[in-house]
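Comments concern the structure below.
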Amino acid sequence: LVPCDVIVAGAGPAGAVAAMMLARAGARVRLFDRVRFPRAKLCGDTLNPGAMRVLASHVSTAVIDERARPLEGMLLTGPYAEVMGTYPRGLWARALPRRELDNLLLEQALAAGAEFDDNVVVAAPGVDASRGVVRGVVVKTPDGRRHEHRARLVIAADGRESRLARAAGLAQFAASPRRWAIGGYFDGVADLSNRGEMHVRDDHYIGVAPMPDGLANACLVLAPDVRRGDWSNPGALLTRALRSDARLGERFARARLVAPPHMLGPMAVDARSAGVPGMLLAGDAAGFIDPMTGDGLRFALVGASLAAAVAGDVLAGTLDPAGAVAVLGRRRRVAFAAKYRFNRTIRALVSRPSAILTAEAAARVVPWFFRRVIQYAGDCE
Ligand SMILES: Cc1cc2nc3c(=O)[nH]c(=O)nc-3n(C[C@H](O)[C@H](O)[C@H](O)COP(=O)(O)OP(=O)(O)OC[C@H]3O[C@@H](n4cnc5c(N)ncnc54)[C@H](O)[C@@H]3O)c2cc1C
């Protein structure tokens with residue numbers, strides 16, 4: 001097989017954008033995904049204003065604008081109080097099923113010249129043992145056969161459960177919190193507005209996003225040890241959580257899941273480095289804090305852009321593979337450190353009922369502060 005310049009593992013938003021950028025710059029790029037595309041992905045489906053800005057710097061967002069549901073802000077509720085936040089200066093978020101968004105981005109990568117194989121599992125990094133450098137990947141094809149593909153660089157964009165990051169000892173599920181998510185699409189939800197919604201409760205939270213075609217995306221996030229019912233029936237668990245909620249119950253009384261929901265967890269992933277020589281991490285593979293702030297897609301898109309830029313320097317010979325890891329790590333810290341701190345604070349807050357009550361009391365006294373929080377979470381700065 002002809003070796004290529006870059007192998008990208010995972011064709012989600014991070015992988016597709018990295019592949020697109022490198023292919024546009026003239027690199028020979030090979031992209032693999034373990035499932036057949038287009039595919040669904042459990043997500044709140046909301047591109048916040050910051051993510052929209054990053055996307056617009058790479059692709060025409062006309063199709064997204066046409067198809068997606070525009071959202072002008074967020075509704076944040078606790079058990080007793082609520083705050084309505086609006087994004088500034090005419091900024092909008094967009095809600096679009098990931099099945100559509102990810103396929104649109106993949107099409108852009110292919111149009112740029114990347115080669116794509118779906119239904120192929122990237123099983124392990126291929127290591128040049130003599131130099132301790134990653135030099136490609138080992139893949140498993142649908143017939144169960146293993147092949148090694150060589151490349152000058154690998155970008156691991158294979159998501160939260162990244163096999164490549166784990167094989168290199170770079171990432172692991174966080175010891176705590178260990179929360180799970182169940183999400184699905186409903187029709188018949190009453191009083192959907194043009195805002196995303198985050199409903200924070202004592203031991204769980206629920207995100208609701210109005211979607212195109214009159215549907216709503218609802219995601220429940222909770223720890224599996226919360227005694228809430230039968231985890232083997234996630235649809236019933238999700239529906240019951242929505243219908244028994246004091247604020248959401250009436251709105252979901254006649255709502256119906258239009259397809260079986262998806263479930264995933266544990267969610268939080270800690271990564272200790274941006275890669276190893278020959279392999280760079282992008283997207284959730286490089287760490288994931290919590291979906292509550294709704295900014296994972298912006299992290300994935302920016303992280304992919306940073307990884308692709310550094311990979312471009314390696315291919316051009318201006319950076320060596322070890323230097324590339326250090327440079328990517330530095331650039332990620334500059335781009336993400338402040339928002340990561342904010343997200344960790346929010347994650348800690350929602351895991352403590354007493355802190356939620358304090359925040360609620362504060363929301364009644366200084367609602368403007370929480371409106372700013374909503375704008376910051378939406379990467380409007
Ligand atoms: C419940 C929930 C709600 C969320 N809501 C939002 C939201 O509203 N807004 C937002 O911005 N973010 C949200 N996020 C976060 C967002 O979904 C992720 O940050 C985003 O999907 C990261 O993109 P990615 O490309 O890194 O990974 P992914 O989208 O996970 O893509 C990874 C790809 O890699 C493939 N893959 C995995 N393993 C292999 C393998 N071994 N070989 C080959 N391919 C492989 C997968 O099939 C997949 O296609 C949410 C997350 C969760 C869990």
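How things are named: the first chain in the structure tokens is A, the next is B, and so on; residues count from 1 in each chain; ligands count from 1 in the order shown.
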Would you list the residues that come within 6 Å of ligand 1? Count only C-alpha atoms and all ligand atoms and give the answer as a PyMOL selection string. chain A and resi 9-15+32-35+42-47+121-123+157-159+162-163+181+219+283-285+291+294-298+300
Excluding A:Ala362 and residues on its chain fewer than 6 positions from it, collect all residues at most 12 Å away from it, counting only C-alpha atoms, and give them as an mmCIF file with C-alpha atoms, in the first residue's frame.
data_model
loop_
_atom_site.group_PDB
_atom_site.id
_atom_site.type_symbol
_atom_site.label_atom_id
_atom_site.label_comp_id
_atom_site.auth_asym_id
_atom_site.auth_seq_id
_atom_site.Cartn_x
_atom_site.Cartn_y
_atom_site.Cartn_z
ATOM 1 C CA GLY A 78 -32.761 25.242 38.721
ATOM 2 C CA TYR A 80 -36.867 27.028 41.828
ATOM 3 C CA ALA A 81 -35.398 29.784 39.650
ATOM 4 C CA GLU A 82 -34.651 30.500 36.002
ATOM 5 C CA VAL A 83 -32.464 32.837 33.972
ATOM 6 C CA ALA A 355 -24.035 24.628 45.424
ATOM 7 C CA ILE A 356 -27.009 24.532 43.036
ATOM 8 C CA TRP A 368 -27.143 39.663 34.928
ATOM 9 C CA PHE A 369 -24.201 37.589 36.206
ATOM 10 C CA PHE A 370 -25.834 34.378 34.955
#
Using only C-alpha atoms: which of A:Leu31, A:His199, A:Thr141, A:Pro277 has the shortest distance to A:Pro321: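 For A:Pro321, the nearest of the candidates is A:Pro277.
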All residues 6 Å or closer to A:Gly278, only C-alpha atoms, same chain fewer than 3 positions away omitted, as a PyMOL selection string: chain A and resi 133-134+153+321
Could you name the residues that touch A:Arg39 at 9 Å or less, counting only C-alpha atoms, but leaving out those on the same chain fewer than 3 positions away, as a short mmCIF file (atom, residue, chain, number, x, y, z; two decimals) with N, CA and C atoms, in the first residue's frame?
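out12.cif, freshly written:
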data_model
loop_
_atom_site.label_atom_id
_atom_site.label_comp_id
_atom_site.auth_asym_id
_atom_site.auth_seq_id
_atom_site.Cartn_x
_atom_site.Cartn_y
_atom_site.Cartn_z
N VAL A 35 -17.50 3.29 11.98
CA VAL A 35 -18.90 3.01 11.59
C VAL A 35 -19.19 3.57 10.21
N ARG A 36 -20.32 3.12 9.68
CA ARG A 36 -20.76 3.54 8.35
C ARG A 36 -21.36 4.95 8.45
N ARG A 98 -26.53 15.76 14.61
CA ARG A 98 -25.14 15.44 14.30
C ARG A 98 -25.02 14.55 13.06
N ARG A 99 -26.02 13.74 12.84
CA ARG A 99 -25.99 12.91 11.64
C ARG A 99 -25.79 13.79 10.40
N GLU A 100 -26.46 14.94 10.38
CA GLU A 100 -26.35 15.84 9.23
C GLU A 100 -25.07 16.67 9.29
N ASP A 102 -22.19 16.18 10.83
CA ASP A 102 -20.93 15.44 10.64
C ASP A 102 -20.77 15.00 9.19
N ASN A 103 -21.91 14.68 8.56
CA ASN A 103 -21.82 14.27 7.16
C ASN A 103 -21.44 15.45 6.26
#
May I have the residues within 10 Å of stretch 59-72 of chain A as a PyMOL selection string, using only C-alpha atoms and disregarding those fewer than 2 positions away in the same chain? chain A and resi 17+20+45-49+52-57+74+85-88+90-97+100-101+104-105+108+193-196+209-214
Running DSSP on the backbone, which parts of stretch 113-303 of chain A land in strand (DSSP E), as an MDAnalysis selection string? chainID A and resid 115:117 121:128 133:140 146:156 171:173 180:187 195:200 204:210 216:222 256:257 262:264 269:271 275:276 279:281
Can you write out the residues you just picked, keeping C-alpha atoms, as a compact mmCIF listing (two decimals), in the first residue's frame?
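selection03.txt, written as the output of this step:
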# COMPACT_ATOMS: atom_id res chain seq x y z
CA GLU A 115 -9.60 9.51 1.05
CA PHE A 116 -12.14 7.92 3.36
CA ASP A 117 -12.89 4.38 4.52
CA VAL A 121 -11.69 0.20 13.08
CA VAL A 122 -8.38 1.83 13.90
CA ALA A 123 -7.15 -0.76 16.36
CA ALA A 124 -3.72 0.54 17.43
CA PRO A 125 -0.95 2.95 16.56
CA GLY A 126 1.73 1.54 14.28
CA VAL A 127 5.02 2.14 15.98
CA ASP A 128 8.44 2.38 14.44
CA VAL A 133 7.79 7.08 16.91
CA VAL A 134 4.23 6.43 15.69
CA ARG A 135 4.42 5.75 11.98
CA GLY A 136 0.88 4.85 11.04
CA VAL A 137 -1.95 2.70 12.35
CA VAL A 138 -3.15 -0.89 12.45
CA VAL A 139 -6.73 -1.16 11.19
CA LYS A 140 -9.31 -3.93 11.33
CA ARG A 146 -5.76 -6.50 10.21
CA HIS A 147 -3.65 -4.25 8.01
CA GLU A 148 -0.92 -1.79 8.83
CA HIS A 149 -1.07 1.60 7.08
CA ARG A 150 1.98 3.80 7.26
CA ALA A 151 2.02 7.58 7.33
CA ARG A 152 4.36 10.37 8.34
CA LEU A 153 1.86 11.50 10.97
CA VAL A 154 -1.31 10.28 12.67
CA ILE A 155 -4.07 12.50 14.03
CA ALA A 156 -6.13 10.69 16.66
CA ALA A 171 -5.91 9.47 28.13
CA GLN A 172 -8.22 7.74 30.56
CA PHE A 173 -11.71 8.18 31.94
CA TRP A 180 -23.71 8.88 31.88
CA ALA A 181 -25.94 10.45 29.26
CA ILE A 182 -29.11 9.26 27.57
CA GLY A 183 -30.40 11.31 24.67
CA GLY A 184 -33.05 11.08 21.99
CA TYR A 185 -35.39 12.98 19.69
CA PHE A 186 -39.00 13.67 20.65
CA ASP A 187 -41.97 15.00 18.76
CA ARG A 195 -33.55 28.95 22.91
CA GLY A 196 -31.55 25.97 24.08
CA GLU A 197 -32.48 24.86 27.59
CA MET A 198 -30.46 23.54 30.51
CA HIS A 199 -32.40 22.29 33.52
CA VAL A 200 -30.16 21.61 36.52
CA HIS A 204 -29.02 15.17 37.33
CA TYR A 205 -29.46 17.68 34.56
CA ILE A 206 -31.45 17.76 31.35
CA GLY A 207 -30.62 19.62 28.15
CA VAL A 208 -33.37 20.36 25.65
CA ALA A 209 -32.81 21.81 22.19
CA PRO A 210 -35.49 22.65 19.65
CA ALA A 216 -36.72 18.34 20.24
CA ASN A 217 -33.44 16.83 21.36
CA ALA A 218 -33.49 15.89 25.07
CA CYS A 219 -30.43 14.62 26.94
CA LEU A 220 -30.44 13.39 30.53
CA VAL A 221 -27.11 13.32 32.38
CA LEU A 222 -26.76 11.48 35.68
CA ARG A 256 -42.99 10.67 21.99
CA LEU A 257 -39.52 9.36 21.23
CA HIS A 262 -28.63 6.54 22.63
CA MET A 263 -26.69 6.14 25.84
CA LEU A 264 -23.00 6.68 26.62
CA VAL A 269 -11.87 12.00 29.98
CA ASP A 270 -8.53 13.34 31.20
CA ALA A 271 -5.59 13.56 28.81
CA GLY A 275 0.24 13.49 21.66
CA VAL A 276 3.41 11.45 21.30
CA MET A 279 0.71 11.21 16.72
CA LEU A 280 -1.33 14.29 17.66
CA LEU A 281 -4.65 14.31 19.49
